[in-house]
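**Q** Sending over model_28.pdb (PDB, C-alpha atoms and all ligand atoms).
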ATOM      1  CA  MET K   1       0.633 -89.891 -58.806
ATOM      2  CA  GLN K   2       3.261 -91.644 -56.658
ATOM      3  CA  LYS K   3       1.691 -93.917 -54.076
ATOM      4  CA  VAL K   4       3.308 -93.501 -50.652
ATOM      5  CA  ILE K   5       3.342 -95.648 -47.509
ATOM      6  CA  ILE K   6       4.159 -93.901 -44.220
ATOM      7  CA  LEU K   7       6.057 -96.239 -41.876
ATOM      8  CA  GLY K   8       5.699 -95.016 -38.273
ATOM      9  CA  ALA K   9       2.335 -93.480 -39.199
ATOM     10  CA  ALA K  10       1.095 -93.189 -35.594
ATOM     11  CA  GLY K  11       4.222 -91.322 -34.472
ATOM     12  CA  ARG K  12       4.895 -87.580 -34.222
ATOM     13  CA  MET K  13       6.561 -87.365 -37.644
ATOM     14  CA  GLY K  14       4.223 -89.953 -39.190
ATOM     15  CA  LYS K  15       1.172 -87.817 -38.460
ATOM     16  CA  VAL K  16       2.771 -84.643 -39.842
ATOM     17  CA  LEU K  17       3.789 -86.593 -42.970
ATOM     18  CA  ILE K  18       0.249 -87.897 -43.507
ATOM     19  CA  ARG K  19      -1.184 -84.383 -43.163
ATOM     20  CA  GLY K  20       1.537 -83.176 -45.555
ATOM     21  CA  VAL K  21       0.602 -85.748 -48.219
ATOM     22  CA  GLN K  22      -3.093 -84.924 -47.832
ATOM     23  CA  ASN K  23      -2.453 -81.171 -48.028
ATOM     24  CA  GLY K  24      -0.247 -81.530 -51.128
ATOM     25  CA  LEU K  25       2.917 -80.198 -49.397
ATOM     26  CA  ALA K  26       4.901 -81.785 -52.257
ATOM     27  CA  PRO K  27       3.160 -82.397 -55.580
ATOM     28  CA  GLY K  28       2.163 -85.766 -57.048
ATOM     29  CA  LEU K  29       1.952 -87.881 -53.875
ATOM     30  CA  GLN K  30      -0.970 -90.008 -52.751
ATOM     31  CA  LEU K  31      -1.321 -91.924 -49.464
ATOM     32  CA  ALA K  32      -1.403 -95.667 -50.197
ATOM     33  CA  GLY K  33      -0.610 -97.124 -46.793
ATOM     34  CA  ALA K  34      -0.013 -96.297 -43.130
ATOM     35  CA  VAL K  35       1.986 -98.741 -41.014
ATOM     36  CA  ASP K  36       2.966 -98.805 -37.353
ATOM     37  CA  ARG K  37       4.203-101.436 -34.892
ATOM     38  CA  PRO K  38       2.310-104.544 -33.828
ATOM     39  CA  GLY K  39       0.335-103.712 -30.670
ATOM     40  CA  CYS K  40      -0.002-100.013 -31.543
ATOM     41  CA  PRO K  41      -3.372 -98.999 -30.009
ATOM     42  CA  ASP K  42      -4.384 -97.092 -33.173
ATOM     43  CA  LEU K  43      -4.279-100.099 -35.574
ATOM     44  CA  GLY K  44      -7.400-100.194 -37.775
ATOM     45  CA  LYS K  45      -8.122 -96.455 -37.435
ATOM     46  CA  ASP K  46      -8.281 -94.199 -40.493
ATOM     47  CA  ALA K  47      -4.777 -92.767 -40.951
ATOM     48  CA  GLY K  48      -6.024 -89.336 -42.068
ATOM     49  CA  VAL K  49      -8.298 -88.923 -39.041
ATOM     50  CA  LEU K  50      -5.552 -90.238 -36.734
ATOM     51  CA  ALA K  51      -3.255 -87.553 -38.141
ATOM     52  CA  GLY K  52      -5.822 -84.858 -37.336
ATOM     53  CA  GLY K  53      -7.004 -84.307 -40.908
ATOM     54  CA  ALA K  54      -9.724 -85.557 -43.254
ATOM     55  CA  ALA K  55     -10.453 -89.268 -43.713
ATOM     56  CA  ALA K  56      -7.892 -90.875 -46.040
ATOM     57  CA  ASN K  57      -9.682 -94.210 -46.501
ATOM     58  CA  VAL K  58      -6.426 -95.869 -45.474
ATOM     59  CA  ALA K  59      -6.505 -97.972 -42.300
ATOM     60  CA  LEU K  60      -3.442 -98.111 -40.028
ATOM     61  CA  THR K  61      -1.928-101.606 -40.245
ATOM     62  CA  ASP K  62       1.087-103.385 -38.740
ATOM     63  CA  ASN K  63       1.763-105.366 -41.946
ATOM     64  CA  LEU K  64       4.153-103.502 -44.243
ATOM     65  CA  TRP K  65       4.606-106.509 -46.532
ATOM     66  CA  ALA K  66       0.855-106.693 -47.247
ATOM     67  CA  VAL K  67       0.583-103.052 -48.371
ATOM     68  CA  LEU K  68       3.896-102.768 -50.266
ATOM     69  CA  PRO K  69       2.554-104.108 -53.612
ATOM     70  CA  GLY K  70       0.085-101.190 -53.827
ATOM     71  CA  ALA K  71       2.759 -98.507 -53.369
ATOM     72  CA  ASP K  72       5.699 -96.920 -55.191
ATOM     73  CA  LEU K  73       7.694 -95.857 -52.151
ATOM     74  CA  VAL K  74       7.948 -95.848 -48.364
ATOM     75  CA  ILE K  75       8.735 -92.932 -46.065
ATOM     76  CA  ASP K  76      10.222 -94.321 -42.843
ATOM     77  CA  PHE K  77      10.444 -92.302 -39.608
ATOM     78  CA  THR K  78      10.533 -95.057 -36.994
ATOM     79  CA  THR K  79      13.275 -96.715 -34.937
ATOM     80  CA  PRO K  80      16.549 -98.379 -35.967
ATOM     81  CA  ALA K  81      15.049-101.841 -35.260
ATOM     82  CA  SER K  82      12.015-101.091 -37.439
ATOM     83  CA  THR K  83      14.120 -99.672 -40.275
ATOM     84  CA  LEU K  84      16.376-102.749 -40.188
ATOM     85  CA  ALA K  85      13.338-105.057 -40.243
ATOM     86  CA  ALA K  86      11.936-103.181 -43.269
ATOM     87  CA  ALA K  87      15.159-103.475 -45.322
ATOM     88  CA  PRO K  88      14.699-107.037 -46.704
ATOM     89  CA  MET K  89      11.069-106.244 -47.588
ATOM     90  CA  MET K  90      12.087-103.041 -49.399
ATOM     91  CA  ILE K  91      14.693-104.998 -51.393
ATOM     92  CA  ALA K  92      12.338-107.878 -52.228
ATOM     93  CA  ALA K  93       9.512-105.528 -53.271
ATOM     94  CA  LYS K  94      11.957-103.179 -55.099
ATOM     95  CA  LYS K  95      10.312 -99.991 -53.832
ATOM     96  CA  ALA K  96      11.997 -96.613 -53.303
ATOM     97  CA  TRP K  97      12.718 -95.670 -49.667
ATOM     98  CA  VAL K  98      13.060 -92.384 -47.795
ATOM     99  CA  VAL K  99      14.746 -93.041 -44.432
ATOM    100  CA  GLY K 100      14.540 -90.362 -41.747
ATOM    101  CA  THR K 101      15.095 -92.661 -38.745
ATOM    102  CA  THR K 102      18.039 -91.593 -36.594
ATOM    103  CA  GLY K 103      20.113 -93.273 -33.887
ATOM    104  CA  MET K 104      21.427 -96.019 -36.176
ATOM    105  CA  LYS K 105      24.866 -97.491 -35.485
ATOM    106  CA  LEU K 106      27.363 -97.753 -38.343
ATOM    107  CA  GLU K 107      26.587-101.436 -38.927
ATOM    108  CA  GLU K 108      22.855-100.623 -38.985
ATOM    109  CA  LYS K 109      23.392 -97.842 -41.524
ATOM    110  CA  ALA K 110      25.317-100.404 -43.594
ATOM    111  CA  VAL K 111      22.097-102.426 -43.915
ATOM    112  CA  VAL K 112      20.367 -99.408 -45.502
ATOM    113  CA  GLU K 113      23.433 -98.761 -47.677
ATOM    114  CA  ASN K 114      23.273-102.376 -48.845
ATOM    115  CA  ALA K 115      19.589-101.951 -49.750
ATOM    116  CA  ALA K 116      20.622 -98.920 -51.820
ATOM    117  CA  THR K 117      22.591-101.222 -54.129
ATOM    118  CA  VAL K 118      19.209-102.613 -55.240
ATOM    119  CA  ILE K 119      16.714 -99.742 -54.765
ATOM    120  CA  PRO K 120      16.913 -95.925 -54.722
ATOM    121  CA  VAL K 121      17.181 -94.603 -51.140
ATOM    122  CA  VAL K 122      17.300 -91.090 -49.694
ATOM    123  CA  MET K 123      18.691 -91.214 -46.157
ATOM    124  CA  SER K 124      19.252 -88.115 -44.051
ATOM    125  CA  THR K 125      19.383 -87.415 -40.340
ATOM    126  CA  ASN K 126      17.686 -84.112 -41.039
ATOM    127  CA  MET K 127      15.432 -83.390 -44.000
ATOM    128  CA  SER K 128      15.094 -79.616 -43.559
ATOM    129  CA  LEU K 129      16.492 -77.244 -46.187
ATOM    130  CA  GLY K 130      17.969 -74.999 -43.481
ATOM    131  CA  VAL K 131      19.917 -77.780 -41.776
ATOM    132  CA  ASN K 132      21.216 -79.134 -45.073
ATOM    133  CA  LEU K 133      22.423 -75.626 -45.906
ATOM    134  CA  LEU K 134      24.054 -75.590 -42.442
ATOM    135  CA  PHE K 135      25.901 -78.858 -43.253
ATOM    136  CA  CYS K 136      27.452 -77.113 -46.305
ATOM    137  CA  LEU K 137      28.300 -73.894 -44.395
ATOM    138  CA  VAL K 138      29.864 -75.742 -41.451
ATOM    139  CA  GLU K 139      32.076 -77.796 -43.781
ATOM    140  CA  GLN K 140      33.170 -74.601 -45.583
ATOM    141  CA  ALA K 141      33.855 -72.789 -42.299
ATOM    142  CA  ALA K 142      35.856 -75.736 -40.932
ATOM    143  CA  ARG K 143      37.967 -75.800 -44.084
ATOM    144  CA  ALA K 144      38.615 -72.049 -43.881
ATOM    145  CA  LEU K 145      39.462 -72.134 -40.139
ATOM    146  CA  LYS K 146      41.546 -75.335 -40.194
ATOM    147  CA  GLY K 147      44.863 -74.955 -38.334
ATOM    148  CA  ARG K 148      43.992 -71.431 -37.093
ATOM    149  CA  GLY K 149      43.189 -72.247 -33.460
ATOM    150  CA  TYR K 150      39.386 -72.647 -33.541
ATOM    151  CA  ASP K 151      37.858 -75.291 -31.241
ATOM    152  CA  VAL K 152      34.690 -76.987 -32.547
ATOM    153  CA  GLU K 153      31.802 -77.734 -30.151
ATOM    154  CA  ILE K 154      28.270 -78.837 -31.061
ATOM    155  CA  ILE K 155      25.271 -78.181 -28.805
ATOM    156  CA  GLU K 156      21.839 -79.640 -29.537
ATOM    157  CA  ARG K 157      18.496 -79.285 -27.732
ATOM    158  CA  HIS K 158      15.461 -81.544 -28.191
ATOM    159  CA  HIS K 159      12.146 -82.477 -26.581
ATOM    160  CA  ARG K 160      12.082 -84.772 -23.554
ATOM    161  CA  ARG K 161      10.754 -87.770 -25.539
ATOM    162  CA  LYS K 162      13.693 -88.017 -27.946
ATOM    163  CA  LYS K 163      15.234 -91.479 -27.676
ATOM    164  CA  ASP K 164      18.772 -90.991 -29.050
ATOM    165  CA  ALA K 165      21.624 -88.650 -28.110
ATOM    166  CA  PRO K 166      23.509 -86.854 -29.473
ATOM    167  CA  SER K 167      20.975 -86.226 -32.239
ATOM    168  CA  GLY K 168      21.615 -87.602 -35.710
ATOM    169  CA  THR K 169      21.753 -84.015 -36.948
ATOM    170  CA  ALA K 170      24.442 -83.100 -34.396
ATOM    171  CA  LEU K 171      26.496 -86.091 -35.561
ATOM    172  CA  SER K 172      26.029 -85.072 -39.207
ATOM    173  CA  LEU K 173      27.164 -81.534 -38.308
ATOM    174  CA  GLY K 174      30.198 -83.145 -36.646
ATOM    175  CA  GLU K 175      30.855 -85.156 -39.825
ATOM    176  CA  ALA K 176      30.628 -81.944 -41.868
ATOM    177  CA  ALA K 177      33.111 -80.144 -39.598
ATOM    178  CA  ALA K 178      35.431 -83.179 -39.555
ATOM    179  CA  ARG K 179      35.378 -83.336 -43.377
ATOM    180  CA  GLY K 180      36.389 -79.669 -43.581
ATOM    181  CA  LEU K 181      39.141 -80.183 -40.982
ATOM    182  CA  GLU K 182      40.280 -83.442 -42.650
ATOM    183  CA  TRP K 183      39.733 -85.372 -39.407
ATOM    184  CA  LYS K 184      37.966 -88.670 -38.813
ATOM    185  CA  LEU K 185      34.985 -87.926 -36.545
ATOM    186  CA  SER K 186      35.246 -91.242 -34.656
ATOM    187  CA  GLU K 187      38.814 -90.298 -33.614
ATOM    188  CA  VAL K 188      37.997 -86.791 -32.324
ATOM    189  CA  ALA K 189      34.396 -86.937 -31.021
ATOM    190  CA  VAL K 190      33.827 -86.422 -27.280
ATOM    191  CA  ASP K 191      30.340 -86.917 -25.834
ATOM    192  CA  GLY K 192      29.861 -84.324 -23.075
ATOM    193  CA  ARG K 193      32.503 -83.785 -20.411
ATOM    194  CA  THR K 194      32.551 -84.424 -16.703
ATOM    195  CA  GLY K 195      35.096 -84.572 -13.864
ATOM    196  CA  ILE K 196      38.746 -83.577 -14.132
ATOM    197  CA  THR K 197      38.983 -83.552 -17.904
ATOM    198  CA  GLY K 198      42.286 -81.701 -18.238
ATOM    199  CA  GLU K 199      42.903 -79.117 -20.945
ATOM    200  CA  ARG K 200      40.997 -79.433 -24.171
ATOM    201  CA  PRO K 201      43.113 -80.868 -26.998
ATOM    202  CA  ALA K 202      42.888 -79.042 -30.338
ATOM    203  CA  ALA K 203      41.863 -82.147 -32.283
ATOM    204  CA  GLN K 204      38.511 -82.659 -30.614
ATOM    205  CA  ILE K 205      34.834 -82.100 -31.464
ATOM    206  CA  GLY K 206      32.592 -81.945 -28.381
ATOM    207  CA  PHE K 207      28.894 -82.919 -28.410
ATOM    208  CA  HIS K 208      26.391 -81.687 -25.808
ATOM    209  CA  ALA K 209      22.770 -82.891 -25.690
ATOM    210  CA  VAL K 210      20.071 -80.938 -23.817
ATOM    211  CA  ARG K 211      16.649 -82.591 -23.313
ATOM    212  CA  GLY K 212      13.449 -80.914 -22.172
ATOM    213  CA  GLY K 213       9.868 -79.901 -22.890
ATOM    214  CA  ASP K 214       8.673 -79.854 -26.483
ATOM    215  CA  ILE K 215      11.757 -78.365 -28.209
ATOM    216  CA  VAL K 216      11.479 -79.463 -31.863
ATOM    217  CA  GLY K 217      15.236 -79.283 -32.518
ATOM    218  CA  ASP K 218      17.960 -76.631 -32.032
ATOM    219  CA  HIS K 219      21.565 -77.042 -33.183
ATOM    220  CA  THR K 220      24.572 -74.778 -32.746
ATOM    221  CA  VAL K 221      28.101 -75.334 -33.997
ATOM    222  CA  LEU K 222      30.734 -73.178 -32.260
ATOM    223  CA  PHE K 223      34.116 -72.343 -33.694
ATOM    224  CA  ALA K 224      35.750 -70.831 -30.596
ATOM    225  CA  ALA K 225      39.170 -69.173 -30.767
ATOM    226  CA  ASP K 226      41.167 -66.790 -28.541
ATOM    227  CA  GLY K 227      39.356 -63.478 -28.968
ATOM    228  CA  GLU K 228      36.265 -64.554 -30.913
ATOM    229  CA  CYS K 229      33.627 -67.198 -31.391
ATOM    230  CA  VAL K 230      31.845 -67.941 -34.653
ATOM    231  CA  GLU K 231      28.447 -69.634 -34.228
ATOM    232  CA  PHE K 232      26.237 -71.383 -36.775
ATOM    233  CA  SER K 233      22.727 -72.044 -35.480
ATOM    234  CA  HIS K 234      19.500 -73.562 -36.704
ATOM    235  CA  ARG K 235      16.182 -73.698 -34.897
ATOM    236  CA  ALA K 236      13.322 -75.873 -36.110
ATOM    237  CA  THR K 237      10.020 -74.412 -34.940
ATOM    238  CA  SER K 238       7.778 -77.096 -36.455
ATOM    239  CA  ARG K 239       8.117 -80.733 -37.607
ATOM    240  CA  GLU K 240       6.612 -79.543 -40.908
ATOM    241  CA  THR K 241      10.073 -78.501 -42.042
ATOM    242  CA  PHE K 242      11.283 -82.149 -41.817
ATOM    243  CA  ALA K 243       8.067 -83.432 -43.407
ATOM    244  CA  LEU K 244       8.397 -81.002 -46.322
ATOM    245  CA  GLY K 245      11.936 -82.255 -47.000
ATOM    246  CA  ALA K 246      10.897 -85.915 -46.730
ATOM    247  CA  LEU K 247       7.981 -85.374 -49.111
ATOM    248  CA  GLN K 248      10.239 -83.477 -51.531
ATOM    249  CA  ALA K 249      12.602 -86.478 -51.403
ATOM    250  CA  ALA K 250       9.649 -88.785 -52.098
ATOM    251  CA  ALA K 251       8.591 -86.695 -55.092
ATOM    252  CA  TRP K 252      12.200 -86.613 -56.377
ATOM    253  CA  LEU K 253      12.950 -90.379 -56.045
ATOM    254  CA  PRO K 254      10.730 -92.125 -58.615
ATOM    255  CA  GLY K 255      12.611 -93.008 -61.785
ATOM    256  CA  ARG K 256      16.047 -92.731 -60.093
ATOM    257  CA  SER K 257      18.389 -95.686 -60.371
ATOM    258  CA  ALA K 258      19.433 -97.692 -57.315
ATOM    259  CA  GLY K 259      21.761 -95.747 -55.048
ATOM    260  CA  LEU K 260      22.125 -93.908 -51.768
ATOM    261  CA  TYR K 261      21.123 -90.260 -52.122
ATOM    262  CA  SER K 262      21.274 -87.422 -49.591
ATOM    263  CA  MET K 263      19.108 -84.351 -49.102
ATOM    264  CA  ARG K 264      21.940 -82.397 -50.721
ATOM    265  CA  ASP K 265      21.120 -84.347 -53.916
ATOM    266  CA  VAL K 266      17.371 -83.754 -53.509
ATOM    267  CA  LEU K 267      17.733 -80.037 -52.753
ATOM    268  CA  GLY K 268      20.517 -79.445 -55.285
ATOM    269  CA  LEU K 269      22.947 -78.038 -52.690
ATOM    270  CA  ALA K 270      26.647 -78.119 -53.578
TER     271      ALA K 270
HETATM  272  P1  LIG K 301       7.831 -91.294 -32.494
HETATM  273  O1  LIG K 301       8.292 -92.178 -31.395
HETATM  274  O2  LIG K 301       6.756 -90.287 -32.231
HETATM  275  O3  LIG K 301       7.330 -92.191 -33.754
HETATM  276  C1  LIG K 301       7.931 -93.377 -34.152
HETATM  277  C2  LIG K 301       6.818 -94.316 -34.602
HETATM  278  O4  LIG K 301       7.421 -95.506 -35.124
HETATM  279  C3  LIG K 301       5.890 -94.739 -33.435
HETATM  280  O5  LIG K 301       4.536 -94.526 -33.782
HETATM  281  C4  LIG K 301       6.225 -96.203 -33.265
HETATM  282  O6  LIG K 301       5.129 -96.975 -32.769
HETATM  283  C5  LIG K 301       6.607 -96.582 -34.694
HETATM  284  N1  LIG K 301       7.295 -97.868 -34.758
HETATM  285  C6  LIG K 301       8.146 -98.414 -33.852
HETATM  286  N2  LIG K 301       8.517 -99.656 -34.248
HETATM  287  C7  LIG K 301       7.855 -99.918 -35.416
HETATM  288  C8  LIG K 301       7.785-101.015 -36.293
HETATM  289  N3  LIG K 301       8.467-102.144 -36.049
HETATM  290  N4  LIG K 301       7.021-100.922 -37.407
HETATM  291  C9  LIG K 301       6.322 -99.789 -37.665
HETATM  292  N5  LIG K 301       6.320 -98.704 -36.852
HETATM  293  C10 LIG K 301       7.086 -98.770 -35.744
HETATM  294  O7  LIG K 301       9.151 -90.578 -33.046
HETATM  295  P2  LIG K 301       9.267 -89.338 -34.058
HETATM  296  O8  LIG K 301       9.527 -88.092 -33.276
HETATM  297  O9  LIG K 301       8.167 -89.371 -35.053
HETATM  298  O10 LIG K 301      10.649 -89.706 -34.767
HETATM  299  C11 LIG K 301      10.820 -90.909 -35.474
HETATM  300  C12 LIG K 301      12.254 -91.018 -35.956
HETATM  301  O11 LIG K 301      12.524 -89.979 -36.905
HETATM  302  C13 LIG K 301      13.307 -90.845 -34.851
HETATM  303  O12 LIG K 301      14.414 -91.668 -35.145
HETATM  304  C14 LIG K 301      13.687 -89.374 -34.973
HETATM  305  O13 LIG K 301      14.946 -89.069 -34.446
HETATM  306  C15 LIG K 301      13.640 -89.237 -36.473
HETATM  307  N6  LIG K 301      13.504 -87.864 -36.972
HETATM  308  C16 LIG K 301      14.181 -87.581 -38.102
HETATM  309  C17 LIG K 301      14.047 -86.339 -38.702
HETATM  310  C18 LIG K 301      14.764 -86.079 -40.014
HETATM  311  O14 LIG K 301      14.611 -84.980 -40.573
HETATM  312  N7  LIG K 301      15.478 -87.057 -40.552
HETATM  313  C19 LIG K 301      13.229 -85.368 -38.123
HETATM  314  C20 LIG K 301      12.518 -85.694 -36.962
HETATM  315  C21 LIG K 301      12.661 -86.966 -36.395
END
Could the structure of this file be written out as structure tokens, please?
Ligand code: NAD
**A**
Amino acid sequence: MQKVIILGAAGRMGKVLIRGVQNGLAPGLQLAGAVDRPGCPDLGKDAGVLAGGAAANVALTDNLWAVLPGADLVIDFTTPASTLAAAPMMIAAKKAWVVGTTGMKLEEKAVVENAATVIPVVMSTNMSLGVNLLFCLVEQAARALKGRGYDVEIIERHHRRKKDAPSGTALSLGEAAARGLEWKLSEVAVDGRTGITGERPAAQIGFHAVRGGDIVGDHTVLFAADGECVEFSHRATSRETFALGALQAAAWLPGRSAGLYSMRDVLGLA
């Protein structure tokens, strides 16, 4: 059995992950620790009960370093600041790391990439099979439509409590399209539009973030041309889809050498 710590255990994803480990969503995983931020009102509670399931005999703590020795790997769905703070501990303890946190800047991602020179890491802005398939399809479509007059726009919709925009998944879809078009995303990305914007240049990828209610996560990539519009869409209806992917990554990681892996590697997608 691989012993797993959930970092961000009192959060929305943390709770679904704990229930997933307890219900055997991916085989061979056992809950060894549950960590959240200092001051979290649930510290000391049983992590299984907190997650809405059976008692796990694991108390929620704010001390990752103290529980790391008893674990093989950490699944991290927290905040960029928390993920950055965990990095030196992950390196020093030499434990595998699944990073689902989004909203990281390039220099923050570089900290995780640096950790991956020492430990095996799976990092993905979206752990669902469907979205990872979408990444592949969007890249293929962009390559096929390159230079043929199709404008690329990305629309995402999430719940009102989401802290970052555009979503990490929308940015990854933009990266996939940019790869297919042989563009650099940072040179062509436009975040929403307002005012007198003038005509849309061809070399542009637009991002549009909608926030409201309890929407788990919807993404659409448009390839719009004169006379037709091709749309690729994904709708997550439950956080379980992300948890399943993260737990599959956790089950896949042990025994891998140090390196930065993606969900494409875990899921075996080309
Ligand atoms: P959330 O706010 O419900 O949970 C985050 C948890 O992290 C909270 O309980 C918070 O207290 C905890 N936390 C904050 N600082 C901490 C620290 N220093 N140490 C330990 N814990 C700390 O958010 P959520 O909806 O569960 O999402 C968490 C992250 O995962 C976000 O970045 C979100 O965008 C991302 N996410 C990724 C995927 C994916 O598939 N990769 C899917 C869903 C959400």
**Q** Do you have the atom C13 of ligand LIG 301 (chain K)-atom CA of Thr102 of chain K distance handy?
**A**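 Computing the Euclidean distance for atom C13 of ligand LIG 301 (chain K) and atom CA of Thr102 of chain K yields 5.1 Å.
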**Q** Please enumerate the residues selected by the PyMOL selection byres (((not hetatm)) within 6 of (chain K and resi 301)) when evaluated against the supplied file, formatted as a list in words.
**A** Leu7, Gly8, Ala9, Ala10, Gly11, Arg12, Met13, Gly14, Val35, Asp36, Arg37, Phe77, Thr78, Thr79, Ser82, Gly100, Thr101, Thr102, Ser124, Thr125, Asn126, Met127 and Phe242 of chain K
**Q** Considering all atoms listed in the file, state which residue in the set K:Asn57, K:Asn114, K:Ser128, K:Thr241 is at the smallest distance from Pro88 of chain K.
**A**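 Ranking K:Asn57, K:Asn114, K:Ser128, K:Thr241 by distance to Pro88 of chain K, first place goes to K:Asn114.
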**Q** Quote the spacing between atom CA of Asn132 of chain K and atom CA of Leu222 of chain K in Å to one decimal place.
**A** 17.0 Å
**Q** Give the padded box for segment 187-191 of chain K as JSON: axis-aligned, covering all atoms listed in the file, 3 Å on each side, centre and edge lengths in Å to one decimal.
**A**
{"center_x": 34.6, "center_y": -88.4, "center_z": -29.7, "size_x": 14.5, "size_y": 9.9, "size_z": 13.8}
**Q** Between K:Ala116, K:Val221, K:Val111, K:Ala202, single out the one closest to Val131 of chain K, counting only C-alpha atoms.
**A**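 Nearest to Val131 of chain K: K:Val221.
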**Q** With a distance cut-off of 7 Å and only C-alpha atoms, select the neighbouring residues of Ala87 of chain K, excluding the residue or stretch itself and same-chain residues fewer than 3 positions from it, and output the selection as a ChimeraX atom specification.
**A** /K:83-84,90-91,112,115
**Q** Taking 4 positions as the minimum chain separation for residues in the same chain, which residues sit within 7 Å of segment 157-166 of chain K when counting all atoms listed in the file? Answer as a list in words.
**A**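 Result of the neighbour search: Gly103, Ala170, Leu171, Phe207, His208, Ala209, Val210, Arg211, Gly212, Gly213, Asp214, Ile215, Val216, Gly217, Asp218 and His219 of chain K.
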**Q** Could you expand the PyMOL selection byres (((chain K and resi 39) around 12) and not hetatm) into the explicit residues it covers here, written as a list in words?
**A** Ala10, Val35, Asp36, Arg37, Pro38, Cys40, Pro41, Asp42, Leu43, Gly44, Leu60, Thr61, Asp62 and Asn63 of chain K
**Q** Give me the residues within 9 Å of Ala142 of chain K as a list of chain:residue names, counting only C-alpha atoms and dropping any in the same chain fewer than 4 places off.
**A**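 Residues meeting the cut-off are K:Leu137, K:Val138, K:Lys146, K:Tyr150, K:Val152, K:Ala176, K:Ala177, K:Ala178, K:Arg179, K:Gly180, K:Leu181, K:Phe223.
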**Q** I need the residues from that last selection saved to file as a CSV table (one decimal), in the coordinates of the input (with C-alpha atoms), if you can.
**A**
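Saved the output as out04.csv:
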chain,number,residue,atom,x,y,z
K,137,LEU,CA,28.3,-73.9,-44.4
K,138,VAL,CA,29.9,-75.7,-41.5
K,146,LYS,CA,41.5,-75.3,-40.2
K,150,TYR,CA,39.4,-72.6,-33.5
K,152,VAL,CA,34.7,-77.0,-32.5
K,176,ALA,CA,30.6,-81.9,-41.9
K,177,ALA,CA,33.1,-80.1,-39.6
K,178,ALA,CA,35.4,-83.2,-39.6
K,179,ARG,CA,35.4,-83.3,-43.4
K,180,GLY,CA,36.4,-79.7,-43.6
K,181,LEU,CA,39.1,-80.2,-41.0
K,223,PHE,CA,34.1,-72.3,-33.7
**Q** What is the atom CA of Val49 of chain K to atom CA of Ala26 of chain K distance in Å?
**A**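 Separation of atom CA of Val49 of chain K and atom CA of Ala26 of chain K: 20.0 Å.
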**Q** On this structure, which residues satisfy the PyMOL selection byres (((chain K and resi 120) around 6) and not hetatm), written as a VMD selection string?
**A** chain K and resid 96 116 119 121 257 to 259
**Q** Looking at K:Leu247, K:Val230, K:Leu29, K:Leu269, which one is nearest to Asp72 of chain K, with distances taken over all atoms listed in the file?
**A** K:Leu29
**Q** Point out the residue among K:Trp252, K:Asp226, K:Ile196, K:Leu31 with the least atom-to-atom distance to Arg148 of chain K, counting only C-alpha atoms.
**A**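 Using only C-alpha atoms, Arg148 of chain K sits closest to K:Asp226.
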**Q** Nearest to Gly206 of chain K: which of K:Val67, K:Ile154, K:Met1, K:Leu173 is it, counting all atoms listed in the file?
**A**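 Of K:Val67, K:Ile154, K:Met1, K:Leu173, the one nearest Gly206 of chain K is K:Ile154, counting all atoms listed in the file.
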**Q** Calculated over only C-alpha atoms, which of the candidates K:Glu108, K:Glu240, K:Glu175, K:Asp151 has the smallest distance to Cys136 of chain K?
**A**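 Residue with the minimum atom-to-atom distance to Cys136 of chain K: K:Glu175.
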